file input_12.txt (compact mmCIF, C-alpha atoms)
# COMPACT_ATOMS: atom_id res chain seq x y z
CA MET M 1 -25.12 -50.98 -6.71
CA ASP M 2 -22.81 -48.48 -4.95
CA LEU M 3 -21.49 -47.30 -8.33
CA ILE M 4 -25.02 -46.88 -9.65
CA SER M 5 -26.00 -44.89 -6.54
CA THR M 6 -22.92 -42.69 -6.85
CA ILE M 7 -23.63 -41.93 -10.51
CA PHE M 8 -27.30 -41.31 -9.73
CA TYR M 9 -26.68 -38.83 -6.91
CA PHE M 10 -23.97 -37.07 -8.92
CA LEU M 11 -26.30 -36.59 -11.90
CA VAL M 12 -29.15 -35.43 -9.66
CA THR M 13 -26.94 -32.92 -7.83
CA ILE M 14 -25.14 -31.50 -10.85
CA GLY M 15 -28.25 -31.68 -13.00
CA ILE M 16 -30.34 -29.61 -10.58
CA LEU M 17 -27.61 -27.03 -9.91
CA VAL M 18 -26.74 -26.54 -13.59
CA LEU M 19 -30.41 -26.51 -14.61
CA VAL M 20 -31.20 -23.82 -12.03
CA HIS M 21 -28.18 -21.70 -13.03
CA GLU M 22 -28.77 -21.89 -16.78
CA LEU M 23 -32.53 -21.45 -16.32
CA GLY M 24 -31.70 -18.08 -14.75
CA HIS M 25 -29.84 -16.95 -17.87
CA PHE M 26 -32.56 -18.41 -20.12
CA LEU M 27 -35.51 -16.75 -18.38
CA ALA M 28 -33.70 -13.40 -18.11
CA ALA M 29 -32.89 -13.52 -21.82
CA LYS M 30 -36.49 -14.28 -22.70
CA LEU M 31 -37.81 -11.55 -20.40
CA THR M 32 -35.57 -8.97 -22.10
CA GLY M 33 -36.53 -10.04 -25.62
CA MET M 34 -33.36 -11.94 -26.55
CA ARG M 35 -33.39 -15.03 -28.73
CA VAL M 36 -31.95 -18.17 -27.16
CA ASP M 37 -30.43 -20.52 -29.75
CA ARG M 38 -29.48 -23.37 -27.40
CA PHE M 39 -30.18 -24.50 -23.84
CA SER M 40 -27.74 -27.29 -23.01
CA LEU M 41 -27.19 -29.39 -19.89
CA GLY M 42 -23.58 -30.52 -20.23
CA PHE M 43 -20.87 -29.28 -22.57
CA PRO M 44 -20.50 -30.28 -26.25
CA PRO M 45 -20.59 -32.53 -28.13
CA ARG M 46 -24.38 -32.61 -28.24
CA ALA M 47 -25.91 -35.97 -27.33
CA PHE M 48 -29.63 -35.54 -28.03
CA GLY M 49 -32.42 -33.01 -27.76
CA LYS M 50 -35.31 -31.30 -29.47
CA LYS M 51 -35.68 -27.92 -31.12
CA ILE M 52 -38.76 -26.01 -30.05
CA GLY M 53 -39.24 -22.66 -31.74
CA ASP M 54 -35.86 -20.89 -31.96
CA THR M 55 -34.25 -22.90 -29.17
CA ASP M 56 -32.47 -26.25 -29.27
CA TYR M 57 -33.07 -27.90 -25.88
CA CYS M 58 -30.45 -30.60 -25.50
CA ILE M 59 -28.29 -32.83 -23.34
CA SER M 60 -24.56 -32.83 -24.12
CA TRP M 61 -21.99 -35.50 -23.39
CA ILE M 62 -19.70 -33.78 -20.86
CA PRO M 63 -21.76 -33.64 -17.60
CA ILE M 64 -19.79 -30.97 -15.71
CA GLY M 65 -21.73 -27.85 -16.58
CA GLY M 66 -24.05 -26.35 -19.11
CA TYR M 67 -24.63 -23.25 -21.19
CA VAL M 68 -27.26 -21.03 -22.75
CA LYS M 69 -26.34 -19.71 -26.21
CA ILE M 70 -27.87 -16.29 -26.68
CA ALA M 71 -28.01 -14.74 -30.16
CA GLY M 72 -25.50 -11.93 -30.68
CA MET M 73 -23.27 -12.81 -27.74
CA ILE M 74 -19.69 -14.07 -27.68
CA ASP M 75 -19.70 -16.97 -25.25
CA GLU M 76 -18.39 -20.52 -24.79
CA SER M 77 -19.45 -21.42 -28.35
CA MET M 78 -17.01 -18.80 -29.75
CA ASP M 79 -19.56 -18.06 -32.48
CA THR M 80 -18.70 -14.81 -34.31
CA GLU M 81 -20.75 -15.21 -37.51
CA PHE M 82 -23.08 -12.41 -36.43
CA VAL M 83 -20.41 -9.70 -36.07
CA ASN M 84 -20.38 -8.73 -39.76
CA LYS M 85 -24.14 -8.23 -39.81
CA PRO M 86 -26.22 -5.33 -38.47
CA PRO M 87 -27.50 -5.96 -34.90
CA GLU M 88 -30.97 -7.48 -34.77
CA LYS M 89 -33.47 -6.42 -32.11
CA TRP M 90 -33.49 -9.90 -30.58
CA GLU M 91 -29.71 -10.04 -30.14
CA PHE M 92 -27.76 -9.61 -26.90
CA ARG M 93 -25.55 -6.90 -28.43
CA SER M 94 -28.54 -4.68 -29.31
CA LYS M 95 -29.88 -4.54 -25.74
CA SER M 96 -29.24 -1.96 -23.01
CA PHE M 97 -26.53 -2.28 -20.36
CA LEU M 98 -29.09 -3.08 -17.67
CA ALA M 99 -30.72 -5.81 -19.79
CA LYS M 100 -27.35 -7.43 -20.47
CA LEU M 101 -26.34 -7.18 -16.82
CA PHE M 102 -29.65 -8.74 -15.75
CA VAL M 103 -29.01 -11.72 -18.03
CA MET M 104 -25.44 -12.15 -16.75
CA ILE M 105 -26.26 -12.10 -13.04
CA ALA M 106 -29.46 -14.15 -13.36
CA GLY M 107 -27.67 -17.51 -13.09
CA VAL M 108 -25.93 -16.52 -9.88
CA VAL M 109 -29.16 -15.10 -8.47
CA MET M 110 -30.93 -18.39 -9.19
CA ASN M 111 -28.23 -20.41 -7.41
CA ILE M 112 -28.42 -18.13 -4.37
CA SER M 113 -32.21 -18.36 -4.45
CA LEU M 114 -32.02 -22.17 -4.54
CA ALA M 115 -29.74 -22.17 -1.48
CA VAL M 116 -32.08 -19.82 0.39
CA LEU M 117 -35.07 -21.97 -0.59
CA ILE M 118 -33.38 -25.15 0.65
CA PHE M 119 -32.30 -23.64 3.97
CA TRP M 120 -35.74 -22.06 4.34
CA GLY M 121 -37.34 -25.48 3.90
CA ILE M 122 -34.91 -27.16 6.30
CA ASN M 123 -35.51 -24.52 8.98
CA TYR M 124 -39.28 -24.79 8.52
CA SER M 125 -39.37 -28.59 8.62
CA GLN M 126 -36.59 -29.23 11.15
CA GLY M 127 -36.53 -26.07 13.25
CA LYS M 128 -33.38 -25.03 15.09
CA PHE M 129 -31.61 -26.66 18.00
CA LEU M 130 -30.08 -24.51 20.74
CA LYS M 131 -27.14 -26.02 22.59
CA GLU M 132 -28.33 -25.63 26.16
CA THR M 133 -24.98 -25.41 27.85
CA THR M 134 -22.41 -22.73 28.58
CA GLU M 135 -19.77 -25.21 29.78
CA ILE M 136 -16.55 -25.63 27.82
CA GLY M 137 -15.89 -29.27 26.99
CA TYR M 138 -12.61 -28.84 25.13
CA VAL M 139 -10.06 -26.06 24.54
CA ALA M 140 -7.99 -26.47 21.37
CA GLU M 141 -4.22 -26.41 21.76
CA HIS M 142 -2.44 -23.21 20.67
CA SER M 143 -5.79 -21.48 20.07
CA VAL M 144 -6.76 -17.93 21.02
CA ALA M 145 -8.93 -19.38 23.81
CA GLU M 146 -6.02 -21.31 25.32
CA LYS M 147 -3.76 -18.26 25.17
CA ILE M 148 -6.19 -16.09 27.13
CA GLY M 149 -6.70 -18.73 29.80
CA PHE M 150 -9.83 -20.76 29.08
CA LEU M 151 -9.92 -24.21 30.67
CA THR M 152 -12.02 -27.31 30.14
CA GLY M 153 -14.96 -27.19 32.57
CA ASP M 154 -15.26 -23.39 32.60
CA LYS M 155 -18.82 -22.07 32.39
CA ILE M 156 -19.25 -18.78 30.53
CA GLU M 157 -21.69 -16.50 32.37
CA GLU M 158 -21.39 -13.09 30.70
CA VAL M 159 -19.91 -11.49 27.59
CA ASN M 160 -19.43 -7.71 27.85
CA ASN M 161 -21.73 -7.60 30.89
CA LYS M 162 -24.56 -9.37 29.06
CA PRO M 163 -25.64 -12.78 30.39
CA VAL M 164 -25.42 -15.81 28.11
CA LEU M 165 -28.03 -18.54 28.32
CA HIS M 166 -26.77 -21.13 25.84
CA TRP M 167 -23.85 -21.88 23.50
CA ASP M 168 -25.42 -20.21 20.48
CA ASP M 169 -25.63 -17.04 22.59
CA ILE M 170 -21.87 -17.29 23.22
CA ASN M 171 -21.11 -17.67 19.51
CA SER M 172 -23.32 -14.72 18.63
CA LYS M 173 -21.78 -12.41 21.22
CA ILE M 174 -18.18 -13.35 20.45
CA TYR M 175 -18.28 -13.68 16.66
CA ILE M 176 -21.02 -11.27 15.59
CA GLU M 177 -22.29 -8.73 18.12
CA ASN M 178 -18.90 -7.56 19.39
CA ILE M 179 -16.71 -7.67 16.31
CA GLY M 180 -14.16 -4.84 16.47
CA LYS M 181 -14.59 -4.39 20.22
CA ASP M 182 -12.62 -5.51 23.24
CA ILE M 183 -14.46 -8.42 24.86
CA ASN M 184 -14.68 -9.08 28.58
CA ILE M 185 -15.84 -12.54 29.59
CA LYS M 186 -17.00 -13.65 33.03
CA ILE M 187 -16.43 -17.33 33.82
CA LEU M 188 -17.51 -19.66 36.61
CA ARG M 189 -14.54 -21.92 37.42
CA ASP M 190 -14.75 -24.46 40.25
CA GLY M 191 -17.47 -22.39 41.93
CA GLU M 192 -15.53 -19.10 41.69
CA GLU M 193 -16.09 -16.22 39.26
CA VAL M 194 -13.09 -15.44 37.04
CA SER M 195 -12.77 -12.77 34.34
CA THR M 196 -10.74 -12.83 31.16
CA SER M 197 -10.58 -10.47 28.21
CA LEU M 198 -10.09 -10.54 24.47
CA SER M 199 -8.61 -7.43 22.85
CA GLN M 200 -9.35 -6.16 19.36
CA ILE M 201 -5.94 -7.44 18.26
CA GLU M 202 -6.78 -10.92 19.47
CA MET M 203 -10.20 -10.60 17.82
CA GLN M 204 -8.42 -9.99 14.51
CA LYS M 205 -6.79 -13.39 14.91
CA LEU M 206 -10.23 -14.95 14.78
CA LYS M 207 -10.29 -14.16 11.07
CA ASP M 208 -7.39 -16.54 10.51
CA GLN M 209 -7.94 -19.25 13.13
CA PRO M 210 -10.73 -20.73 15.23
CA PHE M 211 -11.37 -19.27 18.68
CA GLY M 212 -10.82 -22.78 20.00
CA ILE M 213 -13.57 -23.65 22.48
CA TYR M 214 -16.10 -26.44 22.10
CA PRO M 215 -19.18 -26.99 24.27
CA ALA M 216 -19.41 -29.88 26.69
CA GLY M 217 -21.09 -32.67 24.76
CA SER M 218 -19.10 -32.10 21.53
CA ALA M 219 -18.12 -35.09 19.43
CA ALA M 220 -16.32 -35.83 16.16
CA LEU M 221 -18.72 -37.01 13.43
CA VAL M 222 -17.60 -38.93 10.35
CA SER M 223 -19.28 -37.26 7.38
CA GLN M 224 -17.67 -39.23 4.55
CA ILE M 225 -15.45 -42.23 3.94
CA GLU M 226 -12.87 -42.38 1.14
CA ALA M 227 -12.77 -45.64 -0.78
CA GLY M 228 -9.66 -47.75 -0.26
CA LYS M 229 -8.40 -45.76 2.73
CA PRO M 230 -7.72 -47.10 6.28
CA ALA M 231 -11.06 -45.97 7.76
CA GLU M 232 -13.02 -47.97 5.18
CA ALA M 233 -10.80 -51.01 5.80
CA ILE M 234 -11.80 -51.16 9.50
CA GLY M 235 -15.49 -50.68 8.73
CA MET M 236 -16.21 -47.04 9.55
CA LYS M 237 -19.34 -45.55 7.98
CA PRO M 238 -20.69 -42.01 7.45
CA GLY M 239 -22.60 -40.99 10.57
CA ASP M 240 -20.25 -42.77 12.99
CA MET M 241 -18.73 -40.80 15.91
CA ILE M 242 -15.08 -41.17 16.84
CA LEU M 243 -14.83 -41.63 20.62
CA SER M 244 -11.09 -42.03 21.21
CA ILE M 245 -7.76 -42.40 19.44
CA GLY M 246 -4.96 -44.00 21.39
CA ASN M 247 -5.48 -42.97 25.00
CA GLU M 248 -7.04 -39.62 24.17
CA LYS M 249 -10.79 -39.03 24.36
CA ILE M 250 -12.06 -37.18 21.30
CA PHE M 251 -14.24 -34.05 21.43
CA SER M 252 -13.61 -32.37 18.08
CA SER M 253 -12.56 -32.87 14.47
CA GLU M 254 -9.46 -30.78 15.20
CA GLN M 255 -8.23 -33.39 17.69
CA VAL M 256 -8.72 -36.18 15.16
CA ILE M 257 -6.72 -34.35 12.49
CA LYS M 258 -3.91 -33.46 14.91
CA ILE M 259 -3.54 -36.97 16.36
CA VAL M 260 -3.76 -38.74 13.01
CA LYS M 261 -1.12 -36.48 11.43
CA ALA M 262 1.18 -37.01 14.42
CA ASN M 263 0.91 -40.79 13.91
CA ALA M 264 1.51 -41.08 10.16
CA GLU M 265 2.42 -44.69 9.28
CA LYS M 266 2.07 -45.75 12.95
CA GLU M 267 -0.58 -48.21 14.09
CA ILE M 268 -2.91 -46.67 16.68
CA SER M 269 -6.04 -47.85 18.46
CA ILE M 270 -9.35 -46.16 17.70
CA SER M 271 -12.89 -46.52 19.02
CA TRP M 272 -16.05 -45.23 17.42
CA LEU M 273 -19.81 -45.33 17.87
CA HIS M 274 -21.83 -46.98 15.09
CA HIS M 275 -25.55 -46.52 15.79
CA GLN M 276 -25.70 -47.77 19.41
CA ASP M 277 -22.63 -50.01 19.25
CA THR M 278 -19.13 -49.02 20.41
CA LEU M 279 -16.54 -50.54 18.07
CA THR M 280 -12.77 -50.67 18.39
CA GLY M 281 -9.93 -51.39 16.03
CA LYS M 282 -6.38 -50.66 14.95
CA ILE M 283 -5.68 -48.18 12.19
CA THR M 284 -2.52 -47.00 10.42
CA PRO M 285 -2.65 -43.47 8.94
CA THR M 286 -1.09 -42.96 5.50
CA THR M 287 2.28 -41.29 4.95
CA ALA M 288 0.36 -38.03 4.52
CA GLY M 289 -1.22 -38.49 7.95
CA ARG M 290 -4.73 -39.34 6.78
CA ILE M 291 -7.17 -42.17 7.46
CA GLY M 292 -9.65 -41.30 4.70
CA VAL M 293 -12.51 -39.62 6.54
CA GLY M 294 -14.37 -36.37 6.23
CA ILE M 295 -14.77 -35.19 9.79
CA GLY M 296 -16.79 -32.54 11.57
CA THR M 297 -17.62 -31.52 15.12
CA ILE M 298 -21.21 -32.04 16.30
CA TYR M 299 -23.02 -31.43 19.56
CA THR M 300 -24.64 -34.29 21.48
CA GLY M 301 -25.50 -32.58 24.79
CA PRO M 302 -28.80 -31.10 26.04
CA LYS M 303 -30.58 -29.00 23.47
CA LYS M 304 -33.82 -27.18 22.87
CA GLN M 305 -35.67 -27.20 19.60
CA ILE M 306 -37.20 -24.00 18.23
CA GLU M 307 -40.01 -24.37 15.72
CA TYR M 308 -40.39 -21.78 12.96
CA SER M 309 -43.50 -20.78 11.05
CA ILE M 310 -43.10 -20.66 7.29
CA PHE M 311 -42.54 -16.89 7.52
CA GLU M 312 -40.12 -17.07 10.44
CA ALA M 313 -38.05 -19.73 8.67
CA PHE M 314 -37.24 -17.46 5.71
CA PRO M 315 -34.88 -14.99 7.47
CA GLU M 316 -33.21 -17.98 9.13
CA GLY M 317 -32.60 -19.40 5.66
CA VAL M 318 -31.04 -16.12 4.56
CA LYS M 319 -28.80 -16.15 7.67
CA SER M 320 -27.67 -19.68 6.76
CA VAL M 321 -26.71 -18.52 3.26
CA ILE M 322 -24.73 -15.59 4.68
CA THR M 323 -22.93 -17.95 7.07
CA VAL M 324 -22.10 -20.38 4.26
CA THR M 325 -20.79 -17.53 2.11
CA GLY M 326 -18.53 -16.36 4.93
CA MET M 327 -17.21 -19.90 5.42
CA PHE M 328 -16.49 -20.27 1.70
CA LEU M 329 -14.66 -16.94 1.49
CA GLN M 330 -12.67 -17.80 4.61
CA ALA M 331 -11.68 -21.11 3.01
CA MET M 332 -10.57 -19.26 -0.14
CA LYS M 333 -8.52 -16.87 1.97
CA GLN M 334 -6.77 -19.76 3.69
CA LEU M 335 -6.08 -21.32 0.28
CA PHE M 336 -4.55 -18.21 -1.28
CA THR M 337 -2.52 -17.39 1.83
CA GLY M 338 -1.00 -20.86 1.70
CA LYS M 339 -2.56 -22.18 4.92
CA VAL M 340 -4.13 -25.15 3.15
CA LYS M 341 -2.89 -27.15 0.18
CA PHE M 342 -4.39 -26.37 -3.23
CA SER M 343 -4.71 -30.07 -4.05
CA GLU M 344 -6.76 -30.65 -0.88
CA SER M 345 -9.13 -27.72 -1.44
CA PHE M 346 -10.82 -28.55 -4.74
CA GLY M 347 -12.83 -31.54 -5.82
CA GLY M 348 -14.04 -32.47 -9.28
CA PRO M 349 -16.82 -34.74 -10.52
CA ILE M 350 -15.59 -37.83 -8.61
CA LYS M 351 -15.31 -35.95 -5.31
CA ILE M 352 -18.72 -34.33 -5.79
CA ALA M 353 -20.22 -37.73 -6.61
CA GLN M 354 -18.73 -39.26 -3.45
CA MET M 355 -19.89 -36.41 -1.21
CA ALA M 356 -23.37 -36.35 -2.77
CA THR M 357 -23.77 -40.09 -2.18
CA GLN M 358 -22.46 -39.94 1.39
CA SER M 359 -24.67 -36.97 2.29
CA ALA M 360 -27.66 -38.82 0.82
CA GLU M 361 -26.81 -41.86 2.98
CA MET M 362 -27.05 -39.58 6.05
CA GLY M 363 -30.60 -38.52 5.11
CA TRP M 364 -32.45 -36.13 2.84
CA VAL M 365 -31.76 -33.11 5.06
CA SER M 366 -28.02 -33.73 4.81
CA PHE M 367 -28.28 -34.21 1.02
CA LEU M 368 -30.27 -31.00 0.53
CA ALA M 369 -27.87 -29.06 2.78
CA PHE M 370 -24.95 -30.34 0.68
CA MET M 371 -26.76 -29.22 -2.47
CA ALA M 372 -27.31 -25.77 -0.96
CA LEU M 373 -23.61 -25.50 -0.07
CA LEU M 374 -22.65 -26.52 -3.60
CA SER M 375 -25.15 -24.08 -5.08
CA MET M 376 -23.58 -21.21 -3.14
CA SER M 377 -20.11 -22.34 -4.19
CA LEU M 378 -21.24 -22.31 -7.82
CA ALA M 379 -22.72 -18.84 -7.41
CA ILE M 380 -19.59 -17.38 -5.81
CA ILE M 381 -17.20 -18.97 -8.32
CA ASN M 382 -19.30 -17.81 -11.28
CA ILE M 383 -19.30 -14.19 -10.14
CA VAL M 384 -15.48 -14.11 -10.01
CA PRO M 385 -14.30 -11.58 -12.66
CA PHE M 386 -12.50 -14.17 -14.79
CA PRO M 387 -12.90 -14.67 -18.57
CA ALA M 388 -15.49 -17.30 -19.59
CA LEU M 389 -17.26 -16.99 -16.21
CA ASP M 390 -20.32 -14.79 -15.65
CA GLY M 391 -18.11 -12.36 -13.74
CA GLY M 392 -15.84 -12.04 -16.77
CA HIS M 393 -18.79 -11.14 -19.01
CA ILE M 394 -19.88 -8.54 -16.45
CA VAL M 395 -16.40 -6.95 -16.55
CA PHE M 396 -16.75 -6.54 -20.33
CA LEU M 397 -20.19 -4.94 -19.87
CA VAL M 398 -18.86 -2.46 -17.30
CA ILE M 399 -15.88 -1.55 -19.50
CA GLU M 400 -18.18 -1.00 -22.49
CA ALA M 401 -20.51 1.14 -20.38
CA ILE M 402 -17.56 3.31 -19.31
CA ILE M 403 -15.92 3.73 -22.75
CA ARG M 404 -19.35 3.93 -24.45
CA ARG M 405 -18.43 1.50 -27.22
CA GLU M 406 -18.06 -2.23 -27.64
CA VAL M 407 -14.75 -3.91 -26.81
CA PRO M 408 -13.27 -5.13 -30.14
CA VAL M 409 -14.51 -8.60 -31.00
CA LYS M 410 -10.98 -9.86 -31.66
CA ALA M 411 -9.88 -8.80 -28.16
CA LYS M 412 -12.95 -10.43 -26.62
CA MET M 413 -12.27 -13.67 -28.48
CA ILE M 414 -8.62 -13.84 -27.40
CA ILE M 415 -9.47 -13.14 -23.75
CA GLN M 416 -12.44 -15.54 -23.75
CA GLN M 417 -10.44 -18.33 -25.37
CA ALA M 418 -7.55 -17.86 -22.94
CA GLY M 419 -9.93 -17.93 -19.99
CA PHE M 420 -11.76 -20.97 -21.35
CA PHE M 421 -8.56 -22.97 -21.83
CA ILE M 422 -7.34 -22.03 -18.35
CA LEU M 423 -10.65 -23.29 -16.94
CA LEU M 424 -10.28 -26.52 -18.95
CA ALA M 425 -6.75 -26.94 -17.55
CA PHE M 426 -8.09 -26.33 -14.04
CA MET M 427 -10.85 -28.88 -14.58
CA ALA M 428 -8.27 -31.39 -15.86
CA PHE M 429 -6.26 -30.79 -12.68
CA VAL M 430 -9.19 -31.37 -10.31
CA ILE M 431 -10.22 -34.52 -12.21
CA TYR M 432 -6.63 -35.79 -12.01
CA ASN M 433 -6.59 -34.90 -8.30
CA ASP M 434 -9.86 -36.82 -7.87
CA ILE M 435 -8.40 -39.90 -9.57
CA VAL M 436 -5.17 -39.78 -7.56
CA ASN M 437 -7.15 -39.58 -4.29
CA PHE M 438 -9.91 -41.99 -5.34

call {"tool": "encode", "arguments": {"input": "input_12.txt", "output": "structure tokens"}}
result
Amino acid sequence: MDLISTIFYFLVTIGILVLVHELGHFLAAKLTGMRVDRFSLGFPPRAFGKKIGDTDYCISWIPIGGYVKIAGMIDESMDTEFVNKPPEKWEFRSKSFLAKLFVMIAGVVMNISLAVLIFWGINYSQGKFLKETTEIGYVAEHSVAEKIGFLTGDKIEEVNNKPVLHWDDINSKIYIENIGKDINIKILRDGEEVSTSLSQIEMQKLKDQPFGIYPAGSAALVSQIEAGKPAEAIGMKPGDMILSIGNEKIFSSEQVIKIVKANAEKEISISWLHHQDTLTGKITPTTAGRIGVGIGTIYTGPKKQIEYSIFEAFPEGVKSVITVTGMFLQAMKQLFTGKVKFSESFGGPIKIAQMATQSAEMGWVSFLAFMALLSMSLAIINIVPFPALDGGHIVFLVIEAIIRREVPVKAKMIIQQAGFFILLAFMAFVIYNDIVNF
């Protein structure tokens, strides 16, 4: 039954995201008078479908993407039969630069719109919780916060002479409102007021590492469990909270990662909360210093819920998309600067299936939020200026607009084929990586 659920949630997730993306290209092509020869969910070979009018609507066997074949366009199909014929009015190549650009960006726009729509709905139905505390519950070791003198138990009162009322206020004033400025922070410590400061230079470090403070009431939440790994063997489930490892009380995901890595291949005690029950056990991290959990930091202290009207929830949804985009770009920066391993940063169909299933087990809000995150990832990756991606097609359009003639078909074919085979090799790598870590 677990396998059936995993396959089901994978197909639902990928099916919706690919359908939305390709529907963008399809609708934009139709709106600009282009003929669409095929609308496929999945990559060839074709499994089944039905031709309606000029378009073959079909399902293909490889369920890791999809494509829309537009007449008169060199794309994944590598069809060049049309090049020796005069351009027809319904072909991609006969349309204006703006029409072509509209078609190329429409898939990305649809994925972004889906993410906004999901976050809009979540904000409207769930509202927003404010962490009603200004007390620091944990200061990460070697963090910026530790270096400038923050201590567990400190209560933040002001940031740059402006009072803070809750933890979200602190985040806003440190990470958003005062970017590029020196920051002065007033703290209440053991009944006495203490001041500390954060210079612009130290602020720059925030781009590469967390500030390092967590509110009182923080906890480490298990978001996913890897099959066959130590955490599954002792009975951990998604949604559990890790309370302690060894003799150390746990407040954040960072602590879990640090302690587990430091105890690779050593048996350690661990306690966790499952629903209302506190469970304990012994666990031995792998040689790589992992126990097979996805882990995040959540807040369990006093909070206040804010309700949004349907109109108020929309800008909050947009803010969520902007935040997710920033997180994704930051993750990419860490990858390309060598701060995280390439093999640990990408997941293929198996990883997506596991995460989709585990998010669904945590509730529909978690599942929809995961889908929104994946939709934004798909949008950002597709806009990268690489051959065979939407961004690669856009580069060709811009070049042709500048030189005022079409890039030679032979050159397009060579570049497209090279890009396509590189993407296939990358997909083979992530699938192999999935299997190795399954």

call {"tool": "closest_residue", "arguments": {"input": "input_12.txt", "among": "M:Val18, M:Gly212, M:Gly107, M:Val321", "to": "M:Phe251", "atoms": "only C-alpha atoms"}}
result
M:Gly212

call {"tool": "residues_near_point", "arguments": {"input": "input_12.txt", "point": "(-27.4, -16.8, 5.0)", "cutoff": "12 Å", "atoms": "all atoms listed in the file", "output": "ChimeraX atom specification"}}
result
/M:112-120,123,313-328,372-373,376

call {"tool": "residues_around", "arguments": {"input": "input_12.txt", "residues": "M:Lys147", "least_positions_apart": "4", "cutoff": "12 Å", "atoms": "all atoms listed in the file", "output": "JSON, numbers by chain"}}
result
{"M": [139, 140, 141, 142, 143, 151, 196, 197, 198, 202, 205, 211, 212, 213]}

call {"tool": "axis_aligned_box", "arguments": {"input": "input_12.txt", "around": "stretch 414-420 of chain M", "padding_each_side": "6 Å", "output": "lines of an AutoDock Vina configuration file"}}
result
center_x = -10.0
center_y = -17.1
center_z = -23.7
size_x = 16.9
size_y = 19.8
size_z = 19.4

call {"tool": "residues_around", "arguments": {"input": "input_12.txt", "residues": "M:Val108", "least_positions_apart": "5", "cutoff": "7 Å", "atoms": "all atoms listed in the file", "output": "list in words"}}
result
His21, Ala379 and Asn382 of chain M

call {"tool": "write_last_selection", "arguments": {"input": "input_12.txt", "atoms": "C-alpha atoms", "output": "short mmCIF file (atom, residue, chain, number, x, y, z; two decimals), in the frame of the given file"}}
result
data_model
loop_
_atom_site.label_atom_id
_atom_site.label_comp_id
_atom_site.auth_asym_id
_atom_site.auth_seq_id
_atom_site.Cartn_x
_atom_site.Cartn_y
_atom_site.Cartn_z
CA HIS M 21 -28.18 -21.70 -13.03
CA ALA M 379 -22.72 -18.84 -7.41
CA ASN M 382 -19.30 -17.81 -11.28
#

call {"tool": "residues_around", "arguments": {"input": "input_12.txt", "residues": "M:Glu135", "least_positions_apart": "6", "cutoff": "7 Å", "atoms": "all atoms listed in the file", "output": "PyMOL selection string"}}
result
chain M and resi 153-156+215-216

call {"tool": "atom_distance", "arguments": {"input": "input_12.txt", "atom1": "atom CA of M:His166", "atom2": "atom CA of M:Lys304"}}
result
9.8 Å

call {"tool": "closest_residue", "arguments": {"input": "input_12.txt", "among": "M:Arg290, M:Lys50, M:His25, M:Lys100", "to": "M:Val68", "atoms": "only C-alpha atoms"}}
result
M:His25

call {"tool": "closest_residue", "arguments": {"input": "input_12.txt", "among": "M:Val164, M:Lys258, M:Met332, M:Pro408", "to": "M:Ile380", "atoms": "only C-alpha atoms"}}
result
M:Met332

call {"tool": "atom_distance", "arguments": {"input": "input_12.txt", "atom1": "atom CA of M:Ile74", "atom2": "atom CA of M:Phe386"}}
result
14.8 Å

call {"tool": "closest_residue", "arguments": {"input": "input_12.txt", "among": "M:His275, M:Arg404, M:His393, M:Arg35", "to": "M:Met104", "atoms": "only C-alpha atoms"}}
result
M:His393

call {"tool": "closest_residue", "arguments": {"input": "input_12.txt", "among": "M:Ile7, M:Thr134, M:Ala71, M:Val36", "to": "M:Asp56", "atoms": "only C-alpha atoms"}}
result
M:Val36
